[in-house]
Amino acid sequence: MAEITAEQVLEALKQVKDPDKEENIVELGMISGLQLKDGHVAFGIEVDPERGPMLEPLRKEAEKTVHDLLGVLTVTAVLTAEREAAPEQTALPGPPPGGPGGPPGSQQSAAFQKMDLLGIDSVVAVASGKGGVGKSTTAVNLALAMAADGKRLGLLDADIYGPSIPRMLGITNQPEQTASGMIAPLENHGIKCMSIGFLIEEGTAMIWRGPMATGALEQLITDVAWGELDCLVIDLPPGTGDIHLTLAQRVPLSGAIIVSTPQDIALADARKGLNMFEKVDVPVFGLIENMSYFSCPHCGERTDIFSHGGARKEAEKLGMDFLGEIPLDIVIRETSDGGQPIVVSDPDSEHSKSYLEIAENIWAKI
């Protein structure tokens with residue numbers, strides 16, 4: 001089958017006209033962020049903010065038009081709108097007046113309306129205030145630990161700019177579209193998974209603005225045929241940005257977990273994550289201390305490379321639960337990089353038992 005090209009996609013999209021301007025969306029300059037990989041196509045449609053809610057038929061028409069091309073397997077089109085933030089919106093917003101949906105008919109209502117995730121019993125976000133603390137490794141092993149206990153698990157890689165879950169789960173094949181037009185999640189080690197990494201070439205720089213990234217994230221949740229799940233674990237990107245706020249405001253989160261290393265600078269960023277979830281009324285289940293200590297595999301001597309116990313003390317100070325500690329160990333890193341995370345490759349190890357115990361604590365909170 002011939003590889004689909006960007007020129008073919010854009011030529012097809014010239015058939016799609018803006019209903020108000022009577023010109024096609026390509027010549028109007030509305031297409032942005034076009035990505036192609038092995039028959040999978042993703043792009044944004046830039047629209048005026050006030051017209052966004054009315055242009056869902058346009059988005060669907062664009063998706064269908066591209067999907068009809070020979071060689072296209074799946075299509076993800078996202079409506080994205082750029083707007084200047086009002087002065088009062090520069091601070092982190094809390095829940096709008098009148099509850100999560102805001103006043104009926106208000107402009108905020110759609111933005112804060114929770115998704116209806118049929119078949120998914122609970123959703124847990126795994127977050128960190130900063131990068132490099134092993135959040136994704138923790139998210140993967142916790143999801144596998146819950147699955148090992150008989151739970152039906154899904155794992156969503158919400159890091160649009162730096163997806164790593166496909167490699168950690170050892171998944172190299174591509175997703176397919178179901179008969180109903182949804183994307184079928186990929187599976188390995190007993191859990192279902194979806195990531196933007198399945199739809200783009202590895203190493204591709206995702207030069208997408210915030211609204212397009214958050215729109216893509218919403219579609220990775222709602223346009224995927226997850227089926228019946230006891231829990232969907234969402235591995236968030238590091239920090240506290242657009243994706244985090246969209247998720248907290250739009251997804252019915254059961255709770256969040258914050259991963260940190262023991263040193264002060266990481267804990268300071270973890271506090272920011274806690275504050276963000278509190279402002280949007282998402283319960284934080286607790287704090288995990290990753291890279292808690294290092295035990296020499298040769299002599300057994302223990303070294304606290306990043307200090308030790310800081311996360312436990314921070315949790316006590318903030319009045320939140322301390323969920324457990326995971327050591328810094330090359331085996332955890334090697335098994336994750338190799339697509340065989342330690343919970344499945346060595347389930348009887350002490351490290352796996354730590355993940356299993358933390359997962360049990362989390363499930364009790366769910």
# chains A, B, ... in the order shown; residues from 1 in each chain; ligands from 1
>>> residues_around(residues="segment 134-147 of chain A", least_positions_apart="5", cutoff="9 Å", atoms="only C-alpha atoms", output="PyMOL selection string")
chain A and resi 125-128+152-155+157+164-165+168-169+189-191+231-238+258-261+288+290-291+326+332-333+336+341-344+347+352-353+355-360+363
>>> select_by_dssp(residues="segment 216-253 of chain A", states="strand (DSSP E or B)", output="list of chain:residue names")
A:Val224, A:Leu229, A:Cys231, A:Leu232, A:Val233, A:Ile234, A:Asp235
>>> write_last_selection(atoms="C-alpha atoms", output="PDB file, in the first residue's frame")
ATOM      1  CA  VAL A 224     -10.652   5.372  21.857  1.00  0.00           C
ATOM      2  CA  LEU A 229     -12.278  -0.738  32.627  1.00  0.00           C
ATOM      3  CA  CYS A 231      -9.496   2.022  36.166  1.00  0.00           C
ATOM      4  CA  LEU A 232      -7.884   4.272  33.572  1.00  0.00           C
ATOM      5  CA  VAL A 233      -4.453   5.489  34.696  1.00  0.00           C
ATOM      6  CA  ILE A 234      -3.348   8.729  33.024  1.00  0.00           C
ATOM      7  CA  ASP A 235       0.370   9.500  32.906  1.00  0.00           C
TER       8      ASP A 235
END
>>> closest_atom_pairs(of="segment 190-252 of chain A", to="segment 63-76 of chain A", cutoff="12 Å", atoms="only C-alpha atoms", output="Markdown table")
| residue | atom | partner | partner_atom | distance |
| --- | --- | --- | --- | --- |
| A:Ile196 | CA | A:Thr76 | CA | 10.1 |
| A:Phe198 | CA | A:Thr74 | CA | 11.0 |
| A:Leu199 | CA | A:Thr74 | CA | 8.7 |
| A:Ile200 | CA | A:Thr76 | CA | 11.5 |
| A:Met212 | CA | A:Thr76 | CA | 11.2 |
| A:Ala213 | CA | A:Thr76 | CA | 11.8 |
| A:Gly215 | CA | A:Thr76 | CA | 9.9 |
| A:Ala216 | CA | A:Thr76 | CA | 7.5 |
| A:Leu217 | CA | A:Thr76 | CA | 10.5 |
| A:Glu218 | CA | A:Thr76 | CA | 10.7 |
| A:Gln219 | CA | A:Thr76 | CA | 7.5 |
| A:Leu220 | CA | A:Thr76 | CA | 8.7 |
| A:Ile221 | CA | A:Thr76 | CA | 11.8 |
| A:Thr222 | CA | A:Thr76 | CA | 11.4 |
| A:Asp223 | CA | A:Thr76 | CA | 8.7 |
| A:Val224 | CA | A:Thr76 | CA | 10.8 |
>>> closest_residue(among="A:Gln263, A:Ser254, A:Thr172, A:Ser292", to="Ser122 of chain A", atoms="only C-alpha atoms")
A:Ser254
>>> residues_around(residues="Phe322 of chain A", least_positions_apart="5", cutoff="6 Å", atoms="only C-alpha atoms", output="PyMOL selection string")
chain A and resi 286-287+312+315
>>> write_last_selection(atoms="N, CA and C atoms", output="PDB file, in the first residue's frame")
ATOM      1  N   GLY A 286      -2.134  10.800  47.445  1.00  0.00           N
ATOM      2  CA  GLY A 286      -0.907  10.779  48.239  1.00  0.00           C
ATOM      3  C   GLY A 286       0.335  11.022  47.410  1.00  0.00           C
ATOM      4  N   LEU A 287       1.464  10.940  48.099  1.00  0.00           N
ATOM      5  CA  LEU A 287       2.766  11.237  47.525  1.00  0.00           C
ATOM      6  C   LEU A 287       3.630   9.979  47.533  1.00  0.00           C
ATOM      7  N   ARG A 312       8.083  11.762  52.603  1.00  0.00           N
ATOM      8  CA  ARG A 312       7.268  11.385  53.764  1.00  0.00           C
ATOM      9  C   ARG A 312       7.035  12.592  54.678  1.00  0.00           C
ATOM     10  N   ALA A 315       4.673  15.044  53.004  1.00  0.00           N
ATOM     11  CA  ALA A 315       3.294  14.562  53.066  1.00  0.00           C
ATOM     12  C   ALA A 315       2.689  14.833  54.444  1.00  0.00           C
TER      13      ALA A 315
END
>>> closest_residue(among="A:Leu247, A:Ala256, A:Val16, A:Val133", to="Leu328 of chain A", atoms="only C-alpha atoms")
A:Val133
>>> select_by_dssp(residues="segment 253-294 of chain A", states="helix (DSSP H, G or I)", output="list of chain:residue names")
A:Asp264, A:Ile265, A:Ala266, A:Leu267, A:Ala268, A:Asp269, A:Ala270, A:Arg271, A:Lys272, A:Gly273, A:Leu274, A:Asn275, A:Met276, A:Phe277, A:Glu278, A:Lys279
